[in-house]
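Enquirer: Below is the structure I would like to discuss, written out as structure tokens.
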Amino acid sequence: MLLEVRDLHVEFRTRDGVAKAVNGVSYGVDAGETLAVLGESGSGKSVTAQAVMGILDVPPGRITHGEILFQGRDLLPLKEEERRRIRGAGMAMIFQDALSALNPVLCVGDQLGEMFVVHRGMSRKDARAKAVELMDRVRIPAAAQRVRDYPHQFSGGMRQRIMIAMALALEPALIIADEPTTALDVTVQAQVMDLLAELQRELGMGLVLITHDLGVVADVADRIAVMYAGRIVESAPVHDLYKAPAHPYTRGLLDSIPRLDHKGRELRAIKGLPPSLMHIPPGCAFHPRCPTAQDVCRTDVPPPYEVDEDRRSACHFWRECLHG
Ligand SMILES: Nc1ncnc2c1ncn2[C@@H]1O[C@H](COP(=O)(O)OP(=O)(O)OP(=O)(O)O)[C@@H](O)[C@H]1O
Ligand SMILES: [Mg+2]
């Protein structure tokens, strides 16, 4: 396995109390595989990714338990210098907001080239040529001319392509894309997503794709992990999950995507709000919103039940959900 997160716990100590943002997350990604991580805002998707990348805000954040294995190596005991080396060359992250992730006062060619100068010891001239090559690769028109332009001179979609180019520069084995298209127009979203999926296949990278849009993952992901209140409530191959969810929360998410064949029908969003991470409900954290909750759900935390070999559900009543 390329990346394996095992029983990860992360909390934030704030003036108001301790927010338990990640509460026992385990997931894995193989080379060439795309794992979509899905869940409402605040479910711990980004914090988990930051822990993997080694860019968690510490303090207030703290990893209290767990392991992160990358290419078989446990990352958590490593020194910052070693983590930095792995970042970029081993794994890279694509953020939602390219404009704030890119340096506004450096032309994109210098920013892309910097990767090769710092990590590969290339000359400025060779690095510039590499930058143009990368811009071509992410299909930025007239790359050789545009390499001298600054981030603000590009459209949102083009800037996101530059972010992708930056992440790909050192051909990392793993990419984590955190809502890479959320800030873009719908049509541009699809183009950027397609590009990312294509490059991932071509380079055989592992991809962790964080999103709260179930609509975009069907075409690109192999597996899905659905998060709720810092836990994975269901993980499954995409097609199995779409065919029949094994968790009421997943069912709620699926029911809330607009479908062409359901035109005119009312959308059924999940009622209520996610819990405060300072006061996660006992038992199953989803029980206050669950239409099928029973007494046991209010008291007993559901373990990840094995639905089948490569599928887990943290619902005491996953059987009923699956067949309901
Ligand atoms: N720097 C921080 N300081 C304090 N608490 C934080 C910090 N970063 C995250 N948290 C806590 O962790 C929770 C989970 O955050 P996270 O960013 O992982 O959510 P998410 O699932 O990525 O949501 P979104 O879809 O909105 O990006 C937040 O609701 C917040 O309580
Ligand atoms: Mg996030």
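Order determines the names: the first chain of the structure tokens is A, the second B, and so forth; residues in each chain are numbered 1 upward, and ligands are numbered 1 upward as they are shown.
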Give me, as a Markdown table, the closest atom pair and its distance (Å, one decimal) for every residue of chain A within a cut-off of 9 Å of ligand 2, counting only C-alpha atoms and all ligand atoms, rows sorted by chain and rising number.
Expert:
```
| residue | atom | partner | partner_atom_place_in_ligand_line | distance |
| --- | --- | --- | --- | --- |
| A:Ser41 | CA | ligand 2 | 1 (Mg) | 6.7 |
| A:Gly42 | CA | ligand 2 | 1 (Mg) | 7.0 |
| A:Ser43 | CA | ligand 2 | 1 (Mg) | 8.1 |
| A:Gly44 | CA | ligand 2 | 1 (Mg) | 7.1 |
| A:Lys45 | CA | ligand 2 | 1 (Mg) | 5.6 |
| A:Ser46 | CA | ligand 2 | 1 (Mg) | 4.1 |
| A:Val47 | CA | ligand 2 | 1 (Mg) | 7.2 |
| A:Ala49 | CA | ligand 2 | 1 (Mg) | 8.8 |
| A:Gln96 | CA | ligand 2 | 1 (Mg) | 8.8 |
| A:Asp178 | CA | ligand 2 | 1 (Mg) | 6.6 |
| A:Glu179 | CA | ligand 2 | 1 (Mg) | 7.2 |
| A:Ile210 | CA | ligand 2 | 1 (Mg) | 7.6 |
| A:Thr211 | CA | ligand 2 | 1 (Mg) | 8.0 |
| A:His212 | CA | ligand 2 | 1 (Mg) | 8.9 |
```
Enquirer: Would you list the contacts of Leu35 (chain A) as a PyMOL selection string, taking every protein, DNA or RNA residue within 12 Å and counting only C-alpha atoms, but skipping same-chain residues closer than 6 positions in sequence?
Expert: chain A and resi 2-4+27-29+174-178+197+200+205-211+217-226+235-238
Enquirer: Would you put the residues from that selection into a file with C-alpha atoms, as an mmCIF file, in the first residue's frame?
Expert:
```cif
data_model
loop_
_atom_site.group_PDB
_atom_site.id
_atom_site.type_symbol
_atom_site.label_atom_id
_atom_site.label_comp_id
_atom_site.auth_asym_id
_atom_site.auth_seq_id
_atom_site.Cartn_x
_atom_site.Cartn_y
_atom_site.Cartn_z
ATOM 1 C CA LEU A 2 1.305 3.457 -0.944
ATOM 2 C CA LEU A 3 -0.325 5.331 1.917
ATOM 3 C CA GLU A 4 -1.884 3.840 4.984
ATOM 4 C CA TYR A 27 -7.702 4.604 5.122
ATOM 5 C CA GLY A 28 -5.344 3.409 2.450
ATOM 6 C CA VAL A 29 -4.454 4.296 -1.126
ATOM 7 C CA LEU A 174 0.938 10.531 -4.005
ATOM 8 C CA ILE A 175 -1.198 13.586 -4.598
ATOM 9 C CA ILE A 176 -3.731 14.908 -2.129
ATOM 10 C CA ALA A 177 -6.212 17.241 -3.787
ATOM 11 C CA ASP A 178 -8.316 19.166 -1.280
ATOM 12 C CA ALA A 197 -7.715 12.181 -13.442
ATOM 13 C CA GLN A 200 -3.047 10.546 -12.343
ATOM 14 C CA MET A 205 0.079 8.160 -8.844
ATOM 15 C CA GLY A 206 -2.101 7.512 -5.852
ATOM 16 C CA LEU A 207 -4.702 10.256 -5.490
ATOM 17 C CA VAL A 208 -6.663 11.272 -2.430
ATOM 18 C CA LEU A 209 -9.472 13.490 -3.650
ATOM 19 C CA ILE A 210 -11.237 15.458 -0.941
ATOM 20 C CA THR A 211 -14.632 16.789 -1.861
ATOM 21 C CA VAL A 217 -16.455 11.430 -7.654
ATOM 22 C CA ALA A 218 -18.446 8.815 -9.556
ATOM 23 C CA ASP A 219 -16.361 9.184 -12.704
ATOM 24 C CA VAL A 220 -12.911 9.517 -11.230
ATOM 25 C CA ALA A 221 -12.679 7.609 -7.939
ATOM 26 C CA ASP A 222 -12.059 3.922 -7.358
ATOM 27 C CA ARG A 223 -13.045 3.971 -3.719
ATOM 28 C CA ILE A 224 -14.905 6.331 -1.423
ATOM 29 C CA ALA A 225 -14.445 6.996 2.277
ATOM 30 C CA VAL A 226 -17.347 8.910 3.791
ATOM 31 C CA SER A 235 -15.743 2.974 2.890
ATOM 32 C CA ALA A 236 -16.412 1.062 -0.291
ATOM 33 C CA PRO A 237 -15.639 0.713 -3.985
ATOM 34 C CA VAL A 238 -17.463 3.565 -5.726
#
```
Enquirer: Could you name the residues that touch Leu203 (chain A) at 8 Å or less, counting only C-alpha atoms, but leaving out those on the same chain fewer than 4 positions away, as a PDB file with C-alpha atoms, in the first residue's frame?
Expert:
```
ATOM      1  CA  GLY A  32      -2.588   4.288  -9.390  1.00  0.00           C
ATOM      2  CA  GLU A 171       6.482  13.384  -9.983  1.00  0.00           C
ATOM      3  CA  LEU A 199      -2.497  12.804 -15.321  1.00  0.00           C
TER       4      LEU A 199
END
```
Enquirer: Which one is closest to ligand 1: A:Arg146, A:Arg298, A:Arg231, A:Lys79? Count only C-alpha atoms and all ligand atoms.
Expert: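 Checking each candidate against ligand 1, we get A:Arg231 as the closest.
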Enquirer: Dump as a Markdown table the rows for residues of region 75-150 of chain A within 12 Å of region 184-188 of chain A: closest atom pair and distance in Å with one decimal, only C-alpha atoms counted, ordered by chain and rising residue number.
Expert:
```
| residue | atom | partner | partner_atom | distance |
| --- | --- | --- | --- | --- |
| A:Gln96 | CA | A:Leu184 | CA | 9.2 |
| A:Asp97 | CA | A:Leu184 | CA | 9.4 |
| A:Ala98 | CA | A:Leu184 | CA | 10.5 |
| A:Leu99 | CA | A:Leu184 | CA | 11.8 |
```
Enquirer: Given the selection you just returned, output its residues as a file containing C-alpha atoms, formatted as an mmCIF file, in the first residue's frame.
Expert:
```
data_model
loop_
_atom_site.group_PDB
_atom_site.id
_atom_site.type_symbol
_atom_site.label_atom_id
_atom_site.label_comp_id
_atom_site.auth_asym_id
_atom_site.auth_seq_id
_atom_site.Cartn_x
_atom_site.Cartn_y
_atom_site.Cartn_z
ATOM 1 C CA GLN A 96 -8.769 24.712 -3.291
ATOM 2 C CA ASP A 97 -7.657 28.278 -3.587
ATOM 3 C CA ALA A 98 -4.811 28.638 -6.078
ATOM 4 C CA LEU A 99 -4.676 32.404 -5.752
#
```
Enquirer: Would you return as JSON, numbers by chain the members of region 67-196 of chain A that DSSP assigns to alpha helix (DSSP H) on this structure's backbone?
Expert: {"A": [80, 81, 82, 83, 84, 85, 86, 87, 88, 89, 98, 99, 100, 101, 108, 109, 110, 111, 112, 113, 114, 115, 116, 117, 118, 119, 120, 124, 125, 126, 127, 128, 129, 130, 131, 132, 133, 134, 135, 136, 137, 143, 144, 145, 146, 156, 157, 158, 159, 160, 161, 162, 163, 164, 165, 166, 167, 168, 186, 187, 188, 189, 190, 191, 192, 193, 194, 195, 196]}
Enquirer: Counting only C-alpha atoms and all ligand atoms, figure out which residue out of A:Val10, A:Val301, A:Ala143, A:Met1 gets nearest to ligand 1.
Expert: A:Val10
Enquirer: From region 219-300 of chain A, collect each residue whose DSSP state is strand (DSSP E or B) and return the set as a short mmCIF file (atom, residue, chain, number, x, y, z; two decimals) with N, CA and C atoms, in the first residue's frame.
Expert:
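Output below, filename out_10.cif:
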```cif
data_model
loop_
_atom_site.label_atom_id
_atom_site.label_comp_id
_atom_site.auth_asym_id
_atom_site.auth_seq_id
_atom_site.Cartn_x
_atom_site.Cartn_y
_atom_site.Cartn_z
N ARG A 223 -12.41 4.24 -5.00
CA ARG A 223 -13.05 3.97 -3.72
C ARG A 223 -13.50 5.28 -3.09
N ILE A 224 -14.45 5.15 -2.16
CA ILE A 224 -14.90 6.33 -1.42
C ILE A 224 -14.80 6.05 0.07
N ALA A 225 -14.34 7.04 0.82
CA ALA A 225 -14.45 7.00 2.28
C ALA A 225 -15.33 8.16 2.69
N VAL A 226 -16.41 7.87 3.37
CA VAL A 226 -17.35 8.91 3.79
C VAL A 226 -17.07 9.25 5.25
N MET A 227 -16.81 10.54 5.51
CA MET A 227 -16.49 10.96 6.87
C MET A 227 -17.64 11.70 7.53
N TYR A 228 -17.76 11.47 8.83
CA TYR A 228 -18.74 12.20 9.63
C TYR A 228 -18.16 12.41 11.02
N ARG A 231 -14.87 10.67 11.82
CA ARG A 231 -14.74 9.22 11.63
C ARG A 231 -15.13 8.85 10.22
N ILE A 232 -14.63 7.70 9.76
CA ILE A 232 -15.11 7.19 8.48
C ILE A 232 -16.32 6.31 8.77
N VAL A 233 -17.45 6.71 8.23
CA VAL A 233 -18.66 5.94 8.52
C VAL A 233 -18.89 4.84 7.49
N GLU A 234 -18.41 5.06 6.27
CA GLU A 234 -18.50 3.99 5.28
C GLU A 234 -17.33 4.11 4.32
N SER A 235 -16.74 2.96 3.95
CA SER A 235 -15.74 2.97 2.89
C SER A 235 -16.03 1.80 1.97
N ALA A 236 -15.98 2.07 0.68
CA ALA A 236 -16.41 1.06 -0.29
C ALA A 236 -15.92 1.41 -1.69
N PRO A 237 -15.86 0.40 -2.57
CA PRO A 237 -15.64 0.71 -3.98
C PRO A 237 -16.79 1.60 -4.47
#
```
Enquirer: What's the 9 Å shell around Leu106 (chain A), counting only C-alpha atoms, without same-chain residues fewer than 2 positions away, as a list of chain:residue names?
Expert: A:Leu102, A:Asn103, A:Pro104, A:Val108, A:Gly109, A:Asp110, A:Gln111, A:Arg148, A:Asp149, A:Tyr150, A:Pro151
Enquirer: Residues near region 274-284 of chain A, anyone? I mean within 9 Å using only C-alpha atoms, not counting same-chain ones fewer than 5 positions away, as a PDB file with C-alpha atoms, in the first residue's frame.
Expert:
```
ATOM      1  CA  ASP A  16     -13.290  27.170  24.292  1.00  0.00           C
ATOM      2  CA  GLY A  17     -12.247  23.562  24.793  1.00  0.00           C
ATOM      3  CA  VAL A  18     -10.890  20.556  22.936  1.00  0.00           C
ATOM      4  CA  ALA A  19     -12.231  19.969  19.426  1.00  0.00           C
ATOM      5  CA  LYS A  20     -11.898  16.312  18.479  1.00  0.00           C
ATOM      6  CA  ALA A  21     -11.495  16.788  14.753  1.00  0.00           C
ATOM      7  CA  GLU A  40     -19.904  17.697   5.102  1.00  0.00           C
ATOM      8  CA  SER A  41     -17.956  20.752   6.153  1.00  0.00           C
ATOM      9  CA  GLY A  42     -16.066  20.220   9.408  1.00  0.00           C
ATOM     10  CA  SER A  43     -15.967  16.420   9.203  1.00  0.00           C
ATOM     11  CA  TYR A 228     -18.739  12.198   9.626  1.00  0.00           C
ATOM     12  CA  ALA A 229     -17.599  13.986  12.799  1.00  0.00           C
ATOM     13  CA  GLY A 230     -14.003  12.860  12.408  1.00  0.00           C
ATOM     14  CA  ARG A 289     -29.942  13.072  12.483  1.00  0.00           C
ATOM     15  CA  ALA A 293     -31.717   5.332  14.789  1.00  0.00           C
ATOM     16  CA  VAL A 296     -28.331   1.081  20.798  1.00  0.00           C
ATOM     17  CA  CYS A 297     -27.234   3.880  18.432  1.00  0.00           C
ATOM     18  CA  ARG A 298     -27.510   6.386  21.282  1.00  0.00           C
ATOM     19  CA  THR A 299     -25.173   4.419  23.552  1.00  0.00           C
ATOM     20  CA  ASP A 300     -22.782   2.194  21.582  1.00  0.00           C
ATOM     21  CA  VAL A 301     -20.190   3.491  19.156  1.00  0.00           C
ATOM     22  CA  PRO A 302     -20.552   1.339  16.036  1.00  0.00           C
ATOM     23  CA  ALA A 314     -19.950   1.967  10.944  1.00  0.00           C
ATOM     24  CA  CYS A 315     -23.691   1.444  11.323  1.00  0.00           C
ATOM     25  CA  HIS A 316     -25.197  -1.110  13.714  1.00  0.00           C
TER      26      HIS A 316
END
```
Enquirer: Smallest atom-to-atom distance to ligand 1: which of A:Pro172, A:Met122, A:Ala144, A:Asp213, using only C-alpha atoms and all ligand atoms?
Expert: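 Of all the options, A:Asp213 lies closest to ligand 1.
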